[in-house]
file start_18.pdb (PDB, C-alpha atoms)
ATOM      1  CA  MET A   1     109.553  98.826  90.050
ATOM      2  CA  VAL A   2     108.073  95.375  90.484
ATOM      3  CA  ASP A   3     109.989  92.188  89.827
ATOM      4  CA  TYR A   4     106.965  90.188  88.720
ATOM      5  CA  SER A   5     108.932  86.946  88.539
ATOM      6  CA  ARG A   6     108.860  86.883  92.326
ATOM      7  CA  PHE A   7     105.093  86.507  92.229
ATOM      8  CA  ASN A   8     105.177  83.281  90.208
ATOM      9  CA  ASN A   9     104.262  81.154  93.218
ATOM     10  CA  ILE A  10     101.531  83.370  94.607
ATOM     11  CA  ASP A  11      98.109  81.745  94.704
ATOM     12  CA  THR A  12      95.456  83.278  92.446
ATOM     13  CA  ASP A  13      91.709  83.224  92.358
ATOM     14  CA  SER A  14      90.944  81.203  89.575
ATOM     15  CA  GLU A  15      71.782 104.934  83.696
ATOM     16  CA  ASP A  16      71.769 108.555  82.542
ATOM     17  CA  GLU A  17      69.684 111.362  84.099
ATOM     18  CA  ASP A  18      70.149 115.125  84.400
ATOM     19  CA  SER A  19      70.160 116.700  87.841
ATOM     20  CA  ASN A  20      71.898 119.507  89.671
ATOM     21  CA  ASN A  21      71.193 118.139  93.132
ATOM     22  CA  ASN A  22      72.630 115.471  95.375
ATOM     23  CA  LYS A  23      69.824 114.082  97.523
ATOM     24  CA  ILE A  24      70.800 112.277 100.700
ATOM     25  CA  THR A  25      68.305 110.119 102.552
ATOM     26  CA  ILE A  26      69.336 109.383 106.143
ATOM     27  CA  LYS A  27      67.891 106.620 108.281
ATOM     28  CA  SER A  28      67.962 107.273 112.007
ATOM     29  CA  ASN A  29      68.633 104.710 114.705
ATOM     30  CA  ASN A  30      64.916 104.335 115.390
ATOM     31  CA  ASN A  31      64.467 102.993 111.823
ATOM     32  CA  ASP A  32      62.424 106.006 110.690
ATOM     33  CA  ASN A  33      63.401 107.194 107.214
ATOM     34  CA  THR A  34      64.139 110.908 107.323
ATOM     35  CA  ASN A  35      64.781 113.003 104.216
ATOM     36  CA  VAL A  36      67.001 115.564 105.916
ATOM     37  CA  ASN A  37      68.568 117.602 103.180
ATOM     38  CA  GLN A  38      68.977 118.342  99.530
ATOM     39  CA  ILE A  39      72.498 119.509  98.749
ATOM     40  CA  ASN A  40      73.376 121.335  95.563
ATOM     41  CA  SER A  41      76.799 120.230  94.358
ATOM     42  CA  ASN A  42      76.708 122.486  91.260
ATOM     43  CA  THR A  43      77.401 119.467  89.085
ATOM     44  CA  GLN A  44      75.421 117.763  86.340
ATOM     45  CA  LEU A  45      74.530 114.101  86.696
ATOM     46  CA  ASN A  46      76.641 112.242  84.219
ATOM     47  CA  ASN A  47      77.337 108.660  85.233
ATOM     48  CA  PRO A  48      80.947 107.825  84.298
ATOM     49  CA  LEU A  49      81.276 105.536  81.322
ATOM     50  CA  ILE A  50      84.204 103.251  80.694
ATOM     51  CA  THR A  51      85.815 104.034  77.357
ATOM     52  CA  SER A  52      87.241 101.395  75.045
ATOM     53  CA  LYS A  53      90.728 102.297  76.279
ATOM     54  CA  GLU A  54      89.814 101.767  79.946
ATOM     55  CA  GLN A  55      89.370  98.506  81.821
ATOM     56  CA  MET A  56      86.797  97.953  84.516
ATOM     57  CA  THR A  57      88.461  97.750  87.890
ATOM     58  CA  LYS A  58      88.360  94.218  89.279
ATOM     59  CA  ARG A  59      87.020  93.856  92.797
ATOM     60  CA  THR A  60      86.657  91.010  95.274
ATOM     61  CA  LYS A  61      83.368  90.050  96.910
ATOM     62  CA  GLU A  62      84.561  91.991  99.972
ATOM     63  CA  GLY A  63      84.954  95.098  97.802
ATOM     64  CA  ARG A  64      88.745  95.124  97.678
ATOM     65  CA  ILE A  65      90.333  96.318  94.446
ATOM     66  CA  ARG A  66      92.476  93.698  92.705
ATOM     67  CA  TYR A  67      95.710  94.507  90.889
ATOM     68  CA  GLU A  68      96.756  91.757  88.504
ATOM     69  CA  PHE A  69      99.658  91.220  86.119
ATOM     70  CA  ASN A  70      99.207  88.791  83.232
ATOM     71  CA  GLY A  71      96.088  87.473  84.941
ATOM     72  CA  GLN A  72      97.915  86.793  88.206
ATOM     73  CA  LEU A  73      96.998  88.512  91.471
ATOM     74  CA  VAL A  74      99.770  90.810  92.737
ATOM     75  CA  TYR A  75      97.877  92.537  95.552
ATOM     76  CA  GLU A  76      94.467  93.751  96.682
ATOM     77  CA  TRP A  77      93.743  97.127  98.262
ATOM     78  CA  GLU A  78      91.003  99.235  99.787
ATOM     79  CA  GLN A  79      90.700 102.611 101.448
ATOM     80  CA  SER A  80      88.767 104.371 104.197
ATOM     81  CA  LEU A  81      88.711 107.930 105.516
ATOM     82  CA  ASP A  82      91.975 107.413 107.374
ATOM     83  CA  GLU A  83      93.773 104.469 105.792
ATOM     84  CA  VAL A  84      94.798 102.626 102.679
ATOM     85  CA  ASN A  85      95.220  98.881 103.186
ATOM     86  CA  ILE A  86      97.246  96.709 100.817
ATOM     87  CA  TYR A  87      96.967  92.908 100.977
ATOM     88  CA  ILE A  88      99.635  90.601  99.547
ATOM     89  CA  TYR A  89      99.650  86.782  99.587
ATOM     90  CA  PRO A  90     103.260  85.541  99.512
ATOM     91  CA  PRO A  91     104.151  81.915  98.724
ATOM     92  CA  PRO A  92     103.405  79.570 101.653
ATOM     93  CA  GLU A  93     107.080  79.068 102.526
ATOM     94  CA  ILE A  94     107.457  82.772 103.407
ATOM     95  CA  ASN A  95     107.172  83.725 107.084
ATOM     96  CA  LYS A  96     107.092  87.073 108.877
ATOM     97  CA  SER A  97     110.790  87.072 109.811
ATOM     98  CA  MET A  98     111.753  86.862 106.133
ATOM     99  CA  LEU A  99     109.879  90.026 105.115
ATOM    100  CA  VAL A 100     111.562  93.407 104.746
ATOM    101  CA  ILE A 101     109.114  96.306 104.414
ATOM    102  CA  SER A 102     109.898 100.007 104.212
ATOM    103  CA  ILE A 103     107.155 102.644 104.414
ATOM    104  CA  LEU A 104     108.196 106.181 103.485
ATOM    105  CA  PRO A 105     105.907 109.227 103.168
ATOM    106  CA  ASN A 106     105.331 108.537  99.465
ATOM    107  CA  HIS A 107     107.076 105.237  98.781
ATOM    108  CA  LEU A 108     106.623 101.558  99.606
ATOM    109  CA  SER A 109     109.179  98.768  99.400
ATOM    110  CA  VAL A 110     108.296  95.128 100.048
ATOM    111  CA  GLY A 111     110.760  92.298  99.772
ATOM    112  CA  ILE A 112     112.340  89.211 101.241
ATOM    113  CA  ARG A 113     115.493  89.437 103.335
ATOM    114  CA  GLY A 114     118.634  88.989 101.235
ATOM    115  CA  ALA A 115     116.857  89.642  97.916
ATOM    116  CA  PRO A 116     115.894  92.756  95.949
ATOM    117  CA  PRO A 117     112.390  94.070  96.764
ATOM    118  CA  PHE A 118     109.582  92.762  94.586
ATOM    119  CA  ILE A 119     107.601  95.975  95.118
ATOM    120  CA  ASP A 120     109.499  99.275  95.094
ATOM    121  CA  GLU A 121     107.091 102.008  94.024
ATOM    122  CA  ASP A 122     105.725 105.440  94.916
ATOM    123  CA  LEU A 123     102.373 105.488  96.689
ATOM    124  CA  GLY A 124      99.140 106.925  95.342
ATOM    125  CA  GLY A 125      99.236 109.606  98.055
ATOM    126  CA  TYR A 126     101.179 110.697 101.121
ATOM    127  CA  VAL A 127     101.096 108.793 104.400
ATOM    128  CA  SER A 128     102.122 109.283 108.004
ATOM    129  CA  THR A 129     104.973 106.839 108.521
ATOM    130  CA  TYR A 130     104.616 107.063 112.304
ATOM    131  CA  GLU A 131     101.045 105.744 112.165
ATOM    132  CA  SER A 132     101.560 103.265 109.310
ATOM    133  CA  THR A 133     102.441  99.631 109.973
ATOM    134  CA  TRP A 134     102.106  96.083 108.647
ATOM    135  CA  THR A 135     101.022  92.665 109.892
ATOM    136  CA  PHE A 136     101.442  89.106 108.632
ATOM    137  CA  SER A 137      98.943  86.442 109.640
ATOM    138  CA  ASP A 138      97.554  83.251 108.082
ATOM    139  CA  GLY A 139      99.508  83.816 104.881
ATOM    140  CA  GLU A 140      98.234  87.370 104.367
ATOM    141  CA  LEU A 141     100.525  90.390 104.479
ATOM    142  CA  GLN A 142      98.510  93.507 105.329
ATOM    143  CA  ILE A 143     100.169  96.893 104.913
ATOM    144  CA  ILE A 144      98.269  99.619 106.775
ATOM    145  CA  LEU A 145      99.002 103.103 105.443
ATOM    146  CA  SER A 146      97.726 106.077 107.453
ATOM    147  CA  LYS A 147      96.676 108.840 105.063
ATOM    148  CA  MET A 148      98.429 112.170 105.505
ATOM    149  CA  ARG A 149      95.306 113.888 104.138
ATOM    150  CA  LYS A 150      92.216 112.453 105.803
ATOM    151  CA  ALA A 151      89.340 111.613 103.414
ATOM    152  CA  GLU A 152      91.474 112.039 100.302
ATOM    153  CA  ALA A 153      90.334 109.578  97.638
ATOM    154  CA  TRP A 154      93.321 107.755  96.165
ATOM    155  CA  ASP A 155      93.132 106.805  92.480
ATOM    156  CA  CYS A 156      95.578 103.947  93.016
ATOM    157  CA  ALA A 157      97.547 102.328  95.811
ATOM    158  CA  LEU A 158     100.839 102.357  93.926
ATOM    159  CA  ILE A 159     102.095 104.413  90.988
ATOM    160  CA  GLY A 160     104.043 102.982  88.086
ATOM    161  CA  LYS A 161     104.187  99.428  86.794
ATOM    162  CA  ALA A 162     102.863  98.111  90.095
ATOM    163  CA  GLY A 163      99.624 100.039  89.946
ATOM    164  CA  SER A 164      96.822 101.365  87.794
ATOM    165  CA  LYS A 165      94.156 103.970  88.416
ATOM    166  CA  ILE A 166      90.668 102.829  89.239
ATOM    167  CA  ASP A 167      88.073 103.386  86.541
ATOM    168  CA  PRO A 168      85.717 106.409  86.755
ATOM    169  CA  TYR A 169      82.735 104.361  87.946
ATOM    170  CA  THR A 170      84.736 102.760  90.753
ATOM    171  CA  LYS A 171      86.160 106.182  91.653
ATOM    172  CA  GLU A 172      82.612 107.475  92.186
ATOM    173  CA  GLU A 173      81.805 104.447  94.333
ATOM    174  CA  VAL A 174      84.920 105.095  96.446
ATOM    175  CA  LYS A 175      84.011 108.782  96.837
ATOM    176  CA  LYS A 176      80.522 107.787  97.966
ATOM    177  CA  LYS A 177      81.948 105.340 100.514
ATOM    178  CA  LEU A 178      84.298 107.961 101.949
ATOM    179  CA  LEU A 179      81.613 110.641 102.115
ATOM    180  CA  LEU A 180      79.209 108.332 103.956
ATOM    181  CA  GLU A 181      82.006 107.375 106.352
ATOM    182  CA  ARG A 182      82.574 111.061 107.011
ATOM    183  CA  PHE A 183      78.856 111.661 107.630
ATOM    184  CA  GLN A 184      78.752 108.679 110.003
ATOM    185  CA  GLU A 185      81.790 109.920 111.900
ATOM    186  CA  GLU A 186      80.436 113.455 112.229
ATOM    187  CA  HIS A 187      76.850 112.354 113.029
ATOM    188  CA  PRO A 188      77.108 109.092 114.989
ATOM    189  CA  GLY A 189      73.422 109.220 115.960
ATOM    190  CA  PHE A 190      72.316 108.446 112.411
ATOM    191  CA  ASP A 191      72.549 105.369 110.217
ATOM    192  CA  PHE A 192      73.837 106.325 106.769
ATOM    193  CA  SER A 193      73.975 102.787 105.391
ATOM    194  CA  GLY A 194      70.943 103.396 103.192
ATOM    195  CA  ALA A 195      71.926 106.868 101.978
ATOM    196  CA  ASP A 196      72.393 107.483  98.275
ATOM    197  CA  PHE A 197      73.278 110.295  95.878
ATOM    198  CA  ASN A 198      71.807 111.553  92.628
ATOM    199  CA  GLY A 199      74.613 112.986  90.554
ATOM    200  CA  MET A 200      78.357 113.137  90.861
ATOM    201  CA  VAL A 201      79.484 112.493  94.431
ATOM    202  CA  PRO A 202      81.148 115.476  96.154
ATOM    203  CA  ASP A 203      84.701 115.191  97.419
ATOM    204  CA  ALA A 204      84.599 113.920 101.000
ATOM    205  CA  ARG A 205      87.577 116.028 102.033
ATOM    206  CA  GLU A 206      86.314 119.350 100.653
ATOM    207  CA  PHE A 207      82.516 119.016 100.890
ATOM    208  CA  MET A 208      80.602 121.548 103.062
ATOM    209  CA  GLY A 209      83.623 123.380 104.381
ATOM    210  CA  GLY A 210      85.882 120.372 104.316
ATOM    211  CA  ILE A 211      87.399 118.127 106.942
ATOM    212  CA  LYS A 212      88.095 120.105 110.110
ATOM    213  CA  TYR A 213      91.049 117.961 111.081
ATOM    214  CA  GLY A 214      93.528 115.598 109.437
TER     215      GLY A 214
END

call {"tool": "encode", "arguments": {"input": "start_18.pdb", "output": "structure tokens"}}
result
Amino acid sequence: MVDYSRFNNIDTDSEDEDSNNNKITIKSNNNDNTNVNQINSNTQLNNPLITSKEQMTKRTKEGRIRYEFNGQLVYEWEQSLDEVNIYIYPPPEINKSMLVISILPNHLSVGIRGAPPFIDEDLGGYVSTYESTWTFSDGELQIILSKMRKAEAWDCALIGKAGSKIDPYTKEEVKKKLLLERFQEEHPGFDFSGADFNGMVPDAREFMGGIKYG
């Protein structure tokens, strides 16, 4: 669980259509627009709506997802095909030698030497501890978690009181990001930055036979 009192000194920052197809437009390196494929995902277009019981996920201008408690930033996080990155901003008097961080396959503990951890929670997915690490520079603690299941879209970085699931709209945006990253990795000769989807985004890990490795 999180001891939120330990974050008291952390700085804070003050359309519907129906379709059965996902259409991907790919731009090649020679700047010619090429409509290469229409892929049937067997899903109906139904843009996720946020219900009255759900909150829109807060994001930074860099696209990181913010987790706050009582309006105070606890951490930010983002994910790629291979990694989940968590960013924490400890009080300015904290240095690297004072931090104690434990990364287990499905658990993260972050604390200060000689004190109980202020984050002690299960992760939103499984990670490879051998390939996971952390760095501390310019007041930013970055925890780099290597996904056990490549291209798996995590709903949250941490489970329990220290985390909350992203809203359905943000989940679709994350799935799109991961799928385009997969396309770019598998087809490096193309530029997928302008590609888009009509309809629900397929799962990047399972789509078209799935990831062949990881």

call {"tool": "residues_around", "arguments": {"input": "start_18.pdb", "residues": "stretch 126-140 of chain A", "least_positions_apart": "3", "cutoff": "8 Å", "atoms": "only C-alpha atoms", "output": "VMD selection string"}}
result
chain A and resid 87 to 92 95 to 96 103 to 106 123 143 to 149

call {"tool": "atom_distance", "arguments": {"input": "start_18.pdb", "atom1": "atom CA of A:Glu172", "atom2": "atom CA of A:Gln72"}}
result
26.0 Å

call {"tool": "atom_distance", "arguments": {"input": "start_18.pdb", "atom1": "atom CA of A:Gly209", "atom2": "atom CA of A:Asp167"}}
result
27.2 Å

call {"tool": "atom_distance", "arguments": {"input": "start_18.pdb", "atom1": "atom CA of A:Gly125", "atom2": "atom CA of A:Met98"}}
result
27.2 Å

call {"tool": "resolve_selection", "arguments": {"input": "start_18.pdb", "expression": "the PyMOL selection byres ((chain A and resi 63) around 12)", "output": "number ranges by chain"}}
result
A: 57-62, 64-66, 76-80, 170, 173-174, 177

call {"tool": "closest_residue", "arguments": {"input": "start_18.pdb", "among": "A:Ser97, A:Asp120, A:Tyr67, A:Ala204", "to": "A:Gln184", "atoms": "all atoms listed in the file"}}
result
A:Ala204

call {"tool": "closest_residue", "arguments": {"input": "start_18.pdb", "among": "A:His187, A:Arg113, A:His107, A:Arg205", "to": "A:Ala153", "atoms": "only C-alpha atoms"}}
result
A:Arg205

call {"tool": "axis_aligned_box", "arguments": {"input": "start_18.pdb", "around": "stretch 69-80 of chain A", "padding_each_side": "3 Å", "output": "lines of an AutoDock Vina configuration file"}}
result
center_x = 94.3
center_y = 95.6
center_z = 93.7
size_x = 17.0
size_y = 23.6
size_z = 27.0

call {"tool": "closest_residue", "arguments": {"input": "start_18.pdb", "among": "A:Asp82, A:Glu93, A:Asp155, A:Asp122", "to": "A:Glu181", "atoms": "all atoms listed in the file"}}
result
A:Asp82

call {"tool": "closest_residue", "arguments": {"input": "start_18.pdb", "among": "A:Asp203, A:Asn198, A:Ser193, A:Pro116", "to": "A:Leu179", "atoms": "all atoms listed in the file"}}
result
A:Asp203
